[in-house]
>>> print(open('structure.tsv').read())   # TSV, C-alpha atoms and all ligand atoms
chain	number	residue	atom	x	y	z
A	5	MET	CA	-12.23	-4.69	-15.43
A	6	ASN	CA	-10.86	-8.18	-14.78
A	7	TYR	CA	-8.53	-7.60	-11.86
A	8	GLN	CA	-9.37	-9.55	-8.70
A	9	HIS	CA	-7.09	-9.05	-5.73
A	10	ILE	CA	-7.87	-12.48	-4.23
A	11	TYR	CA	-5.33	-13.97	-6.70
A	12	HIS	CA	-2.58	-11.75	-5.27
A	13	ALA	CA	-3.59	-11.16	-1.64
A	14	GLY	CA	-0.76	-11.81	0.78
A	15	ASN	CA	1.96	-11.84	-1.88
A	16	PHE	CA	5.31	-10.16	-1.17
A	17	ALA	CA	4.08	-6.88	-2.68
A	18	ASP	CA	1.05	-6.83	-0.37
A	19	VAL	CA	3.42	-7.46	2.54
A	20	ALA	CA	5.67	-4.55	1.46
A	21	LYS	CA	2.74	-2.18	0.95
A	22	HIS	CA	1.05	-3.12	4.23
A	23	LEU	CA	4.28	-2.74	6.22
A	24	ALA	CA	4.60	0.85	5.00
A	25	LEU	CA	0.89	1.50	5.55
A	26	LEU	CA	1.08	0.32	9.17
A	27	GLN	CA	4.18	2.41	9.87
A	28	CYS	CA	2.39	5.52	8.54
A	29	LEU	CA	-0.69	4.77	10.66
A	30	ASP	CA	1.49	4.24	13.76
A	31	ALA	CA	3.13	7.62	13.15
A	32	LEU	CA	-0.26	9.34	12.88
A	33	LYS	CA	-1.30	7.77	16.19
A	34	ARG	CA	1.68	9.27	18.02
A	35	LYS	CA	-0.36	12.46	18.34
A	36	ASN	CA	-3.56	12.66	20.27
A	37	LYS	CA	-5.32	14.48	17.44
A	38	ALA	CA	-7.83	12.89	15.08
A	39	PHE	CA	-6.71	11.84	11.60
A	40	PHE	CA	-8.40	10.90	8.33
A	41	ALA	CA	-7.46	7.96	6.10
A	42	LEU	CA	-8.62	7.50	2.51
A	43	ASP	CA	-8.07	4.19	0.72
A	44	THR	CA	-8.89	4.84	-2.96
A	45	HIS	CA	-8.64	1.23	-4.19
A	46	ALA	CA	-9.63	-0.58	-1.03
A	47	GLY	CA	-10.47	-4.12	-2.15
A	48	ARG	CA	-12.62	-6.32	0.06
A	49	GLY	CA	-11.03	-6.00	3.49
A	50	LEU	CA	-10.38	-9.67	4.26
A	51	TYR	CA	-9.01	-12.35	1.92
A	52	ASP	CA	-9.38	-16.09	2.42
A	53	LEU	CA	-5.89	-17.36	1.59
A	54	HIS	CA	-7.12	-20.97	1.65
A	55	SER	CA	-9.75	-20.36	-1.05
A	56	SER	CA	-9.21	-22.09	-4.39
A	57	LEU	CA	-8.71	-18.73	-6.14
A	58	ALA	CA	-5.95	-17.67	-3.73
A	59	ARG	CA	-4.28	-21.07	-3.92
A	60	LYS	CA	-4.34	-21.09	-7.71
A	61	THR	CA	-1.47	-18.59	-8.02
A	62	GLY	CA	0.44	-19.65	-4.88
A	63	GLU	CA	1.39	-16.00	-4.34
A	64	ALA	CA	0.40	-15.96	-0.67
A	65	GLN	CA	2.32	-19.21	-0.15
A	66	ASN	CA	5.46	-17.50	-1.46
A	67	GLY	CA	4.57	-14.34	0.45
A	68	ILE	CA	2.97	-13.92	3.85
A	69	LEU	CA	2.62	-17.66	4.55
A	70	ARG	CA	6.34	-18.28	3.99
A	71	LEU	CA	7.22	-15.17	5.98
A	72	LEU	CA	5.16	-16.44	8.90
A	73	GLU	CA	6.96	-19.80	8.73
A	74	ARG	CA	10.48	-18.40	8.48
A	75	GLY	CA	10.50	-14.85	9.77
A	76	ARG	CA	8.48	-15.00	12.98
A	77	ASP	CA	11.42	-13.87	15.10
A	78	GLU	CA	12.26	-10.79	13.04
A	79	ARG	CA	11.95	-7.83	15.41
A	80	ALA	CA	11.44	-5.40	12.54
A	81	LEU	CA	8.27	-7.30	11.59
A	82	ALA	CA	6.79	-7.66	15.08
A	83	GLY	CA	4.27	-4.80	14.66
A	84	TYR	CA	3.12	-6.19	11.32
A	85	PHE	CA	2.64	-9.71	12.68
A	86	ALA	CA	0.78	-8.25	15.67
A	87	ALA	CA	-1.58	-6.41	13.30
A	88	LEU	CA	-2.22	-9.63	11.35
A	89	GLY	CA	-2.64	-11.64	14.54
A	90	ALA	CA	-5.04	-9.17	16.06
A	91	ARG	CA	-7.32	-9.86	13.15
A	92	ALA	CA	-6.67	-13.49	12.34
A	93	GLY	CA	-5.89	-15.08	15.68
A	94	ARG	CA	-3.59	-18.03	15.34
A	95	SER	CA	-4.38	-18.87	11.76
A	96	ILE	CA	-3.73	-16.50	8.90
A	97	GLY	CA	-6.60	-17.96	6.90
A	98	ARG	CA	-8.15	-14.54	6.52
A	99	TYR	CA	-5.52	-12.04	5.48
A	100	PRO	CA	-6.36	-8.41	6.21
A	101	GLY	CA	-6.05	-6.12	3.22
A	102	SER	CA	-5.40	-2.40	3.48
A	103	ALA	CA	-8.98	-1.52	4.45
A	104	ALA	CA	-9.10	-4.02	7.33
A	105	LEU	CA	-5.67	-2.90	8.55
A	106	ILE	CA	-6.72	0.76	8.52
A	107	GLY	CA	-10.05	-0.09	10.16
A	108	ASP	CA	-8.29	-1.96	12.96
A	109	ALA	CA	-5.84	0.89	13.51
A	110	LEU	CA	-8.40	3.68	13.91
A	111	ARG	CA	-9.15	5.15	17.32
A	112	PRO	CA	-12.66	6.37	18.17
A	113	ILE	CA	-11.67	9.92	17.18
A	114	ASP	CA	-10.34	8.92	13.71
A	115	ARG	CA	-12.18	8.54	10.43
A	116	ALA	CA	-11.66	6.58	7.22
A	117	VAL	CA	-13.28	6.25	3.80
A	118	PHE	CA	-12.73	3.09	1.75
A	119	VAL	CA	-13.47	3.29	-1.95
A	120	GLU	CA	-13.79	0.25	-4.19
A	121	LEU	CA	-15.20	0.21	-7.72
A	122	ARG	CA	-16.43	-3.41	-7.81
A	123	PRO	CA	-19.75	-3.53	-5.93
A	124	VAL	CA	-19.21	-7.14	-4.82
A	125	GLU	CA	-15.84	-6.27	-3.25
A	126	ALA	CA	-17.25	-3.09	-1.69
A	127	ARG	CA	-20.12	-5.08	-0.13
A	128	ALA	CA	-17.64	-7.61	1.27
A	129	ALA	CA	-15.62	-4.73	2.74
A	130	MET	CA	-18.76	-3.31	4.38
A	131	ARG	CA	-19.42	-6.68	6.02
A	132	SER	CA	-15.89	-7.40	7.19
A	133	ILE	CA	-14.46	-4.14	8.48
A	134	HIS	CA	-15.16	-3.33	12.08
A	135	SER	CA	-13.53	-0.36	13.69
A	136	ALA	CA	-13.45	1.77	16.78
A	137	GLY	CA	-13.24	4.78	14.46
A	138	HIS	CA	-15.76	6.20	12.03
A	139	ILE	CA	-15.71	4.38	8.71
A	140	ARG	CA	-17.56	4.52	5.43
A	141	VAL	CA	-17.29	2.22	2.41
A	142	GLU	CA	-18.17	3.64	-1.02
A	143	ALA	CA	-18.68	1.62	-4.20
A	144	ALA	CA	-17.23	4.29	-6.47
A	145	ASP	CA	-14.22	5.44	-8.46
A	146	GLY	CA	-11.20	6.02	-6.24
A	147	TYR	CA	-9.84	8.90	-8.30
A	148	ALA	CA	-13.15	10.79	-8.08
A	149	ALA	CA	-13.08	10.16	-4.31
A	150	LEU	CA	-9.81	12.13	-4.04
A	151	LYS	CA	-11.66	15.18	-5.29
A	152	ALA	CA	-14.68	14.53	-3.09
A	153	HIS	CA	-12.83	13.97	0.21
A	154	LEU	CA	-9.73	16.16	0.12
A	155	PRO	CA	-8.78	18.19	1.99
A	156	PRO	CA	-10.37	16.58	5.06
A	157	PRO	CA	-11.56	18.67	8.01
A	158	GLU	CA	-9.14	16.79	10.31
A	159	ARG	CA	-6.24	18.34	8.33
A	160	ARG	CA	-3.93	15.44	9.19
A	161	GLY	CA	-3.90	11.95	7.79
A	162	MET	CA	-3.05	9.75	4.85
A	163	VAL	CA	-4.17	8.46	1.47
A	164	LEU	CA	-3.37	5.07	-0.01
A	165	ILE	CA	-3.53	4.90	-3.82
A	166	ASP	CA	-3.25	1.26	-4.87
A	167	PRO	CA	-4.67	0.77	-8.38
A	168	PRO	CA	-4.61	-2.55	-10.27
A	169	TYR	CA	-2.54	-1.24	-13.25
A	170	GLU	CA	-4.42	-3.47	-15.68
A	171	SER	CA	-5.03	-0.67	-18.15
A	172	ILE	CA	-2.20	1.05	-20.04
A	173	ASP	CA	-3.71	4.41	-19.11
A	174	GLU	CA	-3.58	3.72	-15.37
A	175	TRP	CA	-0.28	5.56	-14.79
A	176	LYS	CA	-1.57	8.65	-16.56
A	177	ALA	CA	-4.87	8.60	-14.64
A	178	MET	CA	-3.09	7.98	-11.35
A	179	LEU	CA	-0.56	10.79	-11.81
A	180	ARG	CA	-3.23	13.26	-12.85
A	181	ALA	CA	-5.45	12.37	-9.89
A	182	PHE	CA	-2.58	12.36	-7.41
A	183	SER	CA	-1.23	15.71	-8.57
A	184	ASP	CA	-4.66	17.30	-8.18
A	185	ALA	CA	-5.11	15.64	-4.76
A	186	TYR	CA	-1.72	16.89	-3.59
A	187	SER	CA	-2.58	20.45	-4.63
A	188	ARG	CA	-5.75	20.19	-2.52
A	189	TRP	CA	-3.92	18.73	0.48
A	190	PRO	CA	-0.16	19.35	0.36
A	191	SER	CA	0.36	18.36	4.00
A	192	GLY	CA	-1.24	14.90	3.72
A	193	THR	CA	0.83	11.72	3.61
A	194	PHE	CA	0.27	9.89	0.31
A	195	LEU	CA	1.31	6.29	-0.36
A	196	ILE	CA	1.29	5.30	-4.00
A	197	TRP	CA	1.96	1.69	-4.91
A	198	TYR	CA	3.15	0.51	-8.34
A	199	PRO	CA	4.53	-2.72	-9.79
A	200	ILE	CA	8.22	-3.12	-10.66
A	201	LEU	CA	8.52	-5.28	-13.76
A	202	HIS	CA	12.13	-4.61	-14.74
A	203	ALA	CA	14.89	-2.05	-14.09
A	204	ALA	CA	14.16	0.24	-17.06
A	205	GLN	CA	10.45	0.38	-16.21
A	206	ARG	CA	11.33	1.18	-12.57
A	207	ARG	CA	13.58	4.06	-13.69
A	208	GLY	CA	10.75	5.32	-15.88
A	209	ALA	CA	8.34	5.17	-12.91
A	210	HIS	CA	10.73	7.19	-10.75
A	211	GLU	CA	11.17	9.75	-13.53
A	212	ARG	CA	7.44	10.17	-13.97
A	213	LEU	CA	6.99	10.73	-10.24
A	214	GLU	CA	9.94	13.16	-10.06
A	215	SER	CA	8.57	15.12	-13.00
A	216	LEU	CA	5.57	16.15	-10.88
A	217	ARG	CA	8.00	18.45	-8.99
A	218	ILE	CA	6.45	17.60	-5.64
A	219	PRO	CA	8.84	17.79	-2.65
A	220	LYS	CA	9.44	15.19	0.08
A	221	MET	CA	8.95	12.01	-1.92
A	222	LEU	CA	10.52	8.86	-0.52
A	223	SER	CA	10.75	5.82	-2.73
A	224	ALA	CA	10.63	2.41	-1.05
A	225	ASP	CA	11.35	-0.45	-3.43
A	226	LEU	CA	11.64	-4.14	-2.64
A	227	THR	CA	12.44	-6.56	-5.44
A	228	ILE	CA	12.77	-10.31	-4.95
A	229	HIS	CA	13.70	-11.29	-8.50
A	230	ASP	CA	16.50	-10.10	-10.72
A	231	ASP	CA	15.03	-7.05	-12.46
A	232	ALA	CA	17.76	-6.79	-15.12
A	233	ALA	CA	15.85	-9.13	-17.42
A	234	THR	CA	12.82	-7.58	-19.04
A	235	ALA	CA	10.89	-10.82	-19.04
A	236	VAL	CA	10.53	-11.84	-15.39
A	237	ALA	CA	7.44	-13.99	-15.06
A	238	GLY	CA	5.16	-11.88	-12.90
A	239	LEU	CA	6.30	-9.10	-10.62
A	240	ALA	CA	9.98	-8.44	-10.00
A	241	GLY	CA	9.24	-6.07	-7.18
A	242	SER	CA	7.02	-3.76	-5.20
A	243	GLY	CA	7.39	-0.03	-5.75
A	244	LEU	CA	6.06	2.56	-3.36
A	245	VAL	CA	6.38	6.27	-3.11
A	246	ILE	CA	5.59	7.98	0.17
A	247	VAL	CA	4.93	11.70	-0.04
A	248	ASN	CA	5.41	13.61	3.24
A	249	PRO	CA	6.80	10.47	4.91
A	250	PRO	CA	6.64	10.29	8.71
A	251	PHE	CA	9.87	11.08	10.54
A	252	GLY	CA	12.16	8.05	10.87
A	253	ILE	CA	10.29	5.77	8.45
A	254	GLU	CA	13.31	5.51	6.16
A	255	GLU	CA	15.19	3.45	8.76
A	256	THR	CA	12.28	1.44	10.19
A	257	LEU	CA	10.93	0.51	6.77
A	258	ARG	CA	14.40	-0.42	5.52
A	259	ALA	CA	14.85	-2.80	8.46
A	260	ALA	CA	11.45	-4.37	7.77
A	261	TYR	CA	12.06	-4.71	4.01
A	262	GLU	CA	15.49	-6.26	4.59
A	263	ALA	CA	13.89	-8.85	6.86
A	264	VAL	CA	11.28	-9.63	4.20
A	265	HIS	CA	13.97	-9.85	1.52
A	266	ARG	CA	16.02	-12.31	3.63
A	267	HIS	CA	13.11	-14.73	3.83
A	268	LEU	CA	11.24	-14.26	0.56
A	269	SER	CA	13.87	-13.76	-2.08
A	270	PRO	CA	14.85	-16.97	-3.81
A	271	GLU	CA	18.68	-17.18	-3.62
A	272	GLY	CA	18.99	-13.56	-2.50
A	273	ALA	CA	17.96	-12.10	-5.85
A	274	GLY	CA	16.69	-8.52	-5.94
A	275	TYR	CA	17.31	-5.69	-3.49
A	276	VAL	CA	15.89	-3.19	-1.03
A	277	GLU	CA	16.28	0.46	-1.90
A	278	ILE	CA	14.79	3.21	0.21
A	279	ALA	CA	15.84	6.66	-0.89
A	280	ARG	CA	14.69	10.25	-1.24
A	281	LEU	CA	13.25	10.74	-4.72
A	282	THR	CA	12.72	14.50	-4.34
A	283	PRO	CA	14.22	16.93	-1.80
A	284	GLU	CA	12.56	18.96	0.99
A	285	ARG	CA	12.00	21.84	-1.42
A	286	VAL	CA	11.52	21.72	-5.17
A	287	ALA	CA	11.83	24.80	-7.36
A	288	GLN	CA	8.65	25.21	-9.44
B	1	LIG	C1	-4.51	-3.84	-5.81
B	1	LIG	S1	-6.19	-4.05	-5.40
B	1	LIG	C2	-6.36	-3.28	-3.84
B	1	LIG	C3	-5.75	-4.00	-2.68
B	1	LIG	C4	-5.94	-3.30	-1.37
B	1	LIG	N1	-5.58	-1.90	-1.43
B	1	LIG	C5	-5.06	-3.96	-0.30
B	1	LIG	O1	-3.92	-3.53	-0.10
B	1	LIG	O2	-5.55	-4.88	0.35
B	1	LIG	C6	-6.97	-2.88	-6.44
B	1	LIG	C7	-8.49	-2.77	-6.22
B	1	LIG	O3	-8.96	-1.62	-6.93
B	1	LIG	C8	-10.24	-1.92	-7.44
B	1	LIG	N2	-10.46	-0.91	-8.49
B	1	LIG	C9	-10.14	-0.96	-9.82
B	1	LIG	N3	-10.38	0.23	-10.40
B	1	LIG	C10	-10.85	1.07	-9.42
B	1	LIG	C11	-11.23	2.44	-9.39
B	1	LIG	N4	-11.21	3.20	-10.50
B	1	LIG	N5	-11.64	2.96	-8.22
B	1	LIG	C12	-11.68	2.20	-7.09
B	1	LIG	N6	-11.32	0.90	-7.06
B	1	LIG	C13	-10.91	0.34	-8.21
B	1	LIG	C14	-10.16	-3.36	-7.85
B	1	LIG	O4	-11.43	-3.94	-7.91
B	1	LIG	C15	-9.28	-3.95	-6.73
B	1	LIG	O5	-10.08	-4.44	-5.68
>>> encode(input="structure.tsv", output="structure tokens")
Amino acid sequence: MNYQHIYHAGNFADVAKHLALLQCLDALKRKNKAFFALDTHAGRGLYDLHSSLARKTGEAQNGILRLLERGRDERALAGYFAALGARAGRSIGRYPGSAALIGDALRPIDRAVFVELRPVEARAAMRSIHSAGHIRVEAADGYAALKAHLPPPERRGMVLIDPPYESIDEWKAMLRAFSDAYSRWPSGTFLIWYPILHAAQRRGAHERLESLRIPKMLSADLTIHDDAATAVAGLAGSGLVIVNPPFGIEETLRAAYEAVHRHLSPEGAGYVEIARLTPERVAQ
């Protein structure tokens, strides 16, 4: 396993994923009842965007750092910037990944489990995540954790599945694990992130997700490069599917993604598309 998220932390795809994550957490907090959050591929919690590894790719520079320079006044991004600021103060030197964002969002009644396969990343997460809620970091396989932790006793909550997609079998493993997790907990909100490389691959990703015949899937895609060519250097876009999406997220996430697109897409390339992938009910 070679993947290290420090090279990509704070890129436009992280921004897209974290915007959706925060909107789901906000929705869960609208009720006074405890919730559970499971982050199956949690990473290390905090990322030093000024480290030589982060600077090597320049992805954060073209992502969150540019957005902070140009998009500060975007109302649709205010909650996201507040979540980053709460953690980082004035400087965004230490960018909060999904685990830190979830940790910061928990109330004392809530609970989260963060799972990360690389022991060094898991140890860093243990050191950096502080929370009012109850948290646990496990150095383990995220797919096995779905079996171990679902359904949770709280009965409400969310799961983030954010694998590195470095192996060609990742899609297969992810779909199998997600389908089993959904059958254990059909009322949970699931966020599944995947890379968009080009248009045909994106269509294929949607088809694979649709073929699971799971209702209430919302797809939230943000591309910042032209995805018609099959040879875009790096990522063309960020793909996300939200199963059992919170009420109203279609509009709020679209506004946020359009703001990101305005500031991060070179010459307006790419698009925002937020649409129902599967209906309220699916015939089995
Ligand atoms: C895309 S990164 C996660 C980023 C993080 N979710 C965030 O948004 O800040 C994927 C992470 O999964 C870890 N990983 C790879 N295979 C894993 C597995 N089978 N189970 C759990 N974690 C895994 C990698 O070490 C890496 O830290």
>>> residues_near_ligand(input="structure.tsv", ligand="ligand LIG 1 (chain B)", cutoff="6 Å", atoms="all atoms listed in the file", output="PDB file with C-alpha atoms, in the frame of the given file")
ATOM      1  CA  GLN A   8      -9.370  -9.550  -8.700  1.00  0.00           C
ATOM      2  CA  HIS A   9      -7.090  -9.050  -5.730  1.00  0.00           C
ATOM      3  CA  ASP A  18       1.050  -6.830  -0.370  1.00  0.00           C
ATOM      4  CA  THR A  44      -8.890   4.840  -2.960  1.00  0.00           C
ATOM      5  CA  HIS A  45      -8.640   1.230  -4.190  1.00  0.00           C
ATOM      6  CA  ALA A  46      -9.630  -0.580  -1.030  1.00  0.00           C
ATOM      7  CA  GLY A  47     -10.470  -4.120  -2.150  1.00  0.00           C
ATOM      8  CA  GLY A 101      -6.050  -6.120   3.220  1.00  0.00           C
ATOM      9  CA  SER A 102      -5.400  -2.400   3.480  1.00  0.00           C
ATOM     10  CA  VAL A 119     -13.470   3.290  -1.950  1.00  0.00           C
ATOM     11  CA  GLU A 120     -13.790   0.250  -4.190  1.00  0.00           C
ATOM     12  CA  LEU A 121     -15.200   0.210  -7.720  1.00  0.00           C
ATOM     13  CA  ARG A 122     -16.430  -3.410  -7.810  1.00  0.00           C
ATOM     14  CA  ALA A 144     -17.230   4.290  -6.470  1.00  0.00           C
ATOM     15  CA  ASP A 145     -14.220   5.440  -8.460  1.00  0.00           C
ATOM     16  CA  GLY A 146     -11.200   6.020  -6.240  1.00  0.00           C
ATOM     17  CA  ASP A 166      -3.250   1.260  -4.870  1.00  0.00           C
ATOM     18  CA  PRO A 167      -4.670   0.770  -8.380  1.00  0.00           C
ATOM     19  CA  PRO A 168      -4.610  -2.550 -10.270  1.00  0.00           C
TER      20      PRO A 168
END
>>> residues_around(input="structure.tsv", residues="Arg74 of chain A", least_positions_apart="4", cutoff="10 Å", atoms="all atoms listed in the file", output="list in words")
Ile68, Leu69, Arg70, Glu78, Val264, Arg266, His267 and Leu268 of chain A
>>> write_last_selection(input="structure.tsv", atoms="C-alpha atoms", output="PDB file, keeping the file's coordinate frame")
ATOM      1  CA  ILE A  68       2.970 -13.920   3.850  1.00  0.00           C
ATOM      2  CA  LEU A  69       2.620 -17.660   4.550  1.00  0.00           C
ATOM      3  CA  ARG A  70       6.340 -18.280   3.990  1.00  0.00           C
ATOM      4  CA  GLU A  78      12.260 -10.790  13.040  1.00  0.00           C
ATOM      5  CA  VAL A 264      11.280  -9.630   4.200  1.00  0.00           C
ATOM      6  CA  ARG A 266      16.020 -12.310   3.630  1.00  0.00           C
ATOM      7  CA  HIS A 267      13.110 -14.730   3.830  1.00  0.00           C
ATOM      8  CA  LEU A 268      11.240 -14.260   0.560  1.00  0.00           C
TER       9      LEU A 268
END
>>> residues_around(input="structure.tsv", residues="segment 256-258 of chain A", least_positions_apart="4", cutoff="7 Å", atoms="all atoms listed in the file", output="PyMOL selection string")
chain A and resi 24+252+262+278
>>> atom_distance(input="structure.tsv", atom1="atom CA of Gly161 of chain A", atom2="atom CA of Arg212 of chain A")
24.6 Å
>>> atom_distance(input="structure.tsv", atom1="atom CA of Glu170 of chain A", atom2="atom CA of Asn6 of chain A")
8.0 Å
>>> closest_residue(input="structure.tsv", among="A:Pro219, A:Gly62, A:Gly107, A:Pro156", to="Leu25 of chain A", atoms="only C-alpha atoms")
A:Gly107
>>> residues_around(input="structure.tsv", residues="segment 83-89 of chain A", least_positions_apart="5", cutoff="9 Å", atoms="all atoms listed in the file", output="list of chain:residue names")
A:Val19, A:His22, A:Leu23, A:Leu26, A:Gln27, A:Leu72, A:Arg76, A:Arg94, A:Ser95, A:Ile96, A:Tyr99, A:Pro100, A:Leu105, A:Asp108, A:Ala109
>>> residues_around(input="structure.tsv", residues="segment 187-202 of chain A", least_positions_apart="4", cutoff="8 Å", atoms="all atoms listed in the file", output="PDB file with C-alpha atoms, in the frame of the given file")
ATOM      1  CA  LYS A  21       2.740  -2.180   0.950  1.00  0.00           C
ATOM      2  CA  LEU A  25       0.890   1.500   5.550  1.00  0.00           C
ATOM      3  CA  LEU A 154      -9.730  16.160   0.120  1.00  0.00           C
ATOM      4  CA  PRO A 155      -8.780  18.190   1.990  1.00  0.00           C
ATOM      5  CA  ARG A 159      -6.240  18.340   8.330  1.00  0.00           C
ATOM      6  CA  ARG A 160      -3.930  15.440   9.190  1.00  0.00           C
ATOM      7  CA  GLY A 161      -3.900  11.950   7.790  1.00  0.00           C
ATOM      8  CA  MET A 162      -3.050   9.750   4.850  1.00  0.00           C
ATOM      9  CA  VAL A 163      -4.170   8.460   1.470  1.00  0.00           C
ATOM     10  CA  LEU A 164      -3.370   5.070  -0.010  1.00  0.00           C
ATOM     11  CA  ILE A 165      -3.530   4.900  -3.820  1.00  0.00           C
ATOM     12  CA  ASP A 166      -3.250   1.260  -4.870  1.00  0.00           C
ATOM     13  CA  PRO A 167      -4.670   0.770  -8.380  1.00  0.00           C
ATOM     14  CA  TYR A 169      -2.540  -1.240 -13.250  1.00  0.00           C
ATOM     15  CA  SER A 183      -1.230  15.710  -8.570  1.00  0.00           C
ATOM     16  CA  ARG A 206      11.330   1.180 -12.570  1.00  0.00           C
ATOM     17  CA  THR A 227      12.440  -6.560  -5.440  1.00  0.00           C
ATOM     18  CA  ASP A 231      15.030  -7.050 -12.460  1.00  0.00           C
ATOM     19  CA  ALA A 232      17.760  -6.790 -15.120  1.00  0.00           C
ATOM     20  CA  ALA A 233      15.850  -9.130 -17.420  1.00  0.00           C
ATOM     21  CA  THR A 234      12.820  -7.580 -19.040  1.00  0.00           C
ATOM     22  CA  ALA A 235      10.890 -10.820 -19.040  1.00  0.00           C
ATOM     23  CA  VAL A 236      10.530 -11.840 -15.390  1.00  0.00           C
ATOM     24  CA  GLY A 238       5.160 -11.880 -12.900  1.00  0.00           C
ATOM     25  CA  LEU A 239       6.300  -9.100 -10.620  1.00  0.00           C
ATOM     26  CA  ALA A 240       9.980  -8.440 -10.000  1.00  0.00           C
ATOM     27  CA  GLY A 241       9.240  -6.070  -7.180  1.00  0.00           C
ATOM     28  CA  SER A 242       7.020  -3.760  -5.200  1.00  0.00           C
ATOM     29  CA  GLY A 243       7.390  -0.030  -5.750  1.00  0.00           C
ATOM     30  CA  LEU A 244       6.060   2.560  -3.360  1.00  0.00           C
ATOM     31  CA  VAL A 245       6.380   6.270  -3.110  1.00  0.00           C
ATOM     32  CA  ILE A 246       5.590   7.980   0.170  1.00  0.00           C
ATOM     33  CA  VAL A 247       4.930  11.700  -0.040  1.00  0.00           C
ATOM     34  CA  ASN A 248       5.410  13.610   3.240  1.00  0.00           C
ATOM     35  CA  PRO A 249       6.800  10.470   4.910  1.00  0.00           C
ATOM     36  CA  PRO A 250       6.640  10.290   8.710  1.00  0.00           C
TER      37      PRO A 250
END
>>> closest_residue(input="structure.tsv", among="A:Leu42, A:Ala204, A:Leu71, A:Ala136", to="Ala152 of chain A", atoms="all atoms listed in the file")
A:Leu42
>>> closest_residue(input="structure.tsv", among="A:Asp52, A:Asp173, A:Glu271, A:Glu158", to="Phe40 of chain A", atoms="all atoms listed in the file")
A:Glu158
>>> atom_distance(input="structure.tsv", atom1="atom CA of Arg127 of chain A", atom2="atom CA of Ala20 of chain A")
25.8 Å
>>> decode(input="structure.tsv", residues="segment 114-125 of chain A", atoms="N, CA and C atoms", output="PDB file, in the first residue's frame")
ATOM      1  N   ASP A 114     -22.680  12.099  21.392  1.00  0.00           N
ATOM      2  CA  ASP A 114     -22.426  11.384  20.131  1.00  0.00           C
ATOM      3  C   ASP A 114     -21.166  10.516  20.236  1.00  0.00           C
ATOM      4  N   ARG A 115     -21.032   9.639  19.239  1.00  0.00           N
ATOM      5  CA  ARG A 115     -19.924   8.685  19.264  1.00  0.00           C
ATOM      6  C   ARG A 115     -19.381   8.506  17.846  1.00  0.00           C
ATOM      7  N   ALA A 116     -18.067   8.297  17.752  1.00  0.00           N
ATOM      8  CA  ALA A 116     -17.483   8.032  16.427  1.00  0.00           C
ATOM      9  C   ALA A 116     -16.383   6.990  16.529  1.00  0.00           C
ATOM     10  N   VAL A 117     -16.223   6.228  15.447  1.00  0.00           N
ATOM     11  CA  VAL A 117     -15.084   5.305  15.323  1.00  0.00           C
ATOM     12  C   VAL A 117     -14.349   5.666  14.032  1.00  0.00           C
ATOM     13  N   PHE A 118     -13.032   5.843  14.152  1.00  0.00           N
ATOM     14  CA  PHE A 118     -12.186   6.172  13.005  1.00  0.00           C
ATOM     15  C   PHE A 118     -11.286   4.981  12.725  1.00  0.00           C
ATOM     16  N   VAL A 119     -11.319   4.499  11.497  1.00  0.00           N
ATOM     17  CA  VAL A 119     -10.549   3.308  11.161  1.00  0.00           C
ATOM     18  C   VAL A 119      -9.532   3.661  10.089  1.00  0.00           C
ATOM     19  N   GLU A 120      -8.289   3.277  10.324  1.00  0.00           N
ATOM     20  CA  GLU A 120      -7.210   3.600   9.390  1.00  0.00           C
ATOM     21  C   GLU A 120      -6.235   2.436   9.389  1.00  0.00           C
ATOM     22  N   LEU A 121      -5.930   1.914   8.212  1.00  0.00           N
ATOM     23  CA  LEU A 121      -5.099   0.710   8.108  1.00  0.00           C
ATOM     24  C   LEU A 121      -3.631   0.961   8.455  1.00  0.00           C
ATOM     25  N   ARG A 122      -3.093   2.119   8.048  1.00  0.00           N
ATOM     26  CA  ARG A 122      -1.656   2.371   8.296  1.00  0.00           C
ATOM     27  C   ARG A 122      -1.456   2.765   9.758  1.00  0.00           C
ATOM     28  N   PRO A 123      -0.691   1.951  10.512  1.00  0.00           N
ATOM     29  CA  PRO A 123      -0.540   2.242  11.945  1.00  0.00           C
ATOM     30  C   PRO A 123      -0.008   3.652  12.214  1.00  0.00           C
ATOM     31  N   VAL A 124       0.908   4.132  11.360  1.00  0.00           N
ATOM     32  CA  VAL A 124       1.504   5.448  11.632  1.00  0.00           C
ATOM     33  C   VAL A 124       0.449   6.563  11.499  1.00  0.00           C
ATOM     34  N   GLU A 125      -0.443   6.399  10.523  1.00  0.00           N
ATOM     35  CA  GLU A 125      -1.522   7.390  10.340  1.00  0.00           C
ATOM     36  C   GLU A 125      -2.525   7.277  11.497  1.00  0.00           C
TER      37      GLU A 125
END
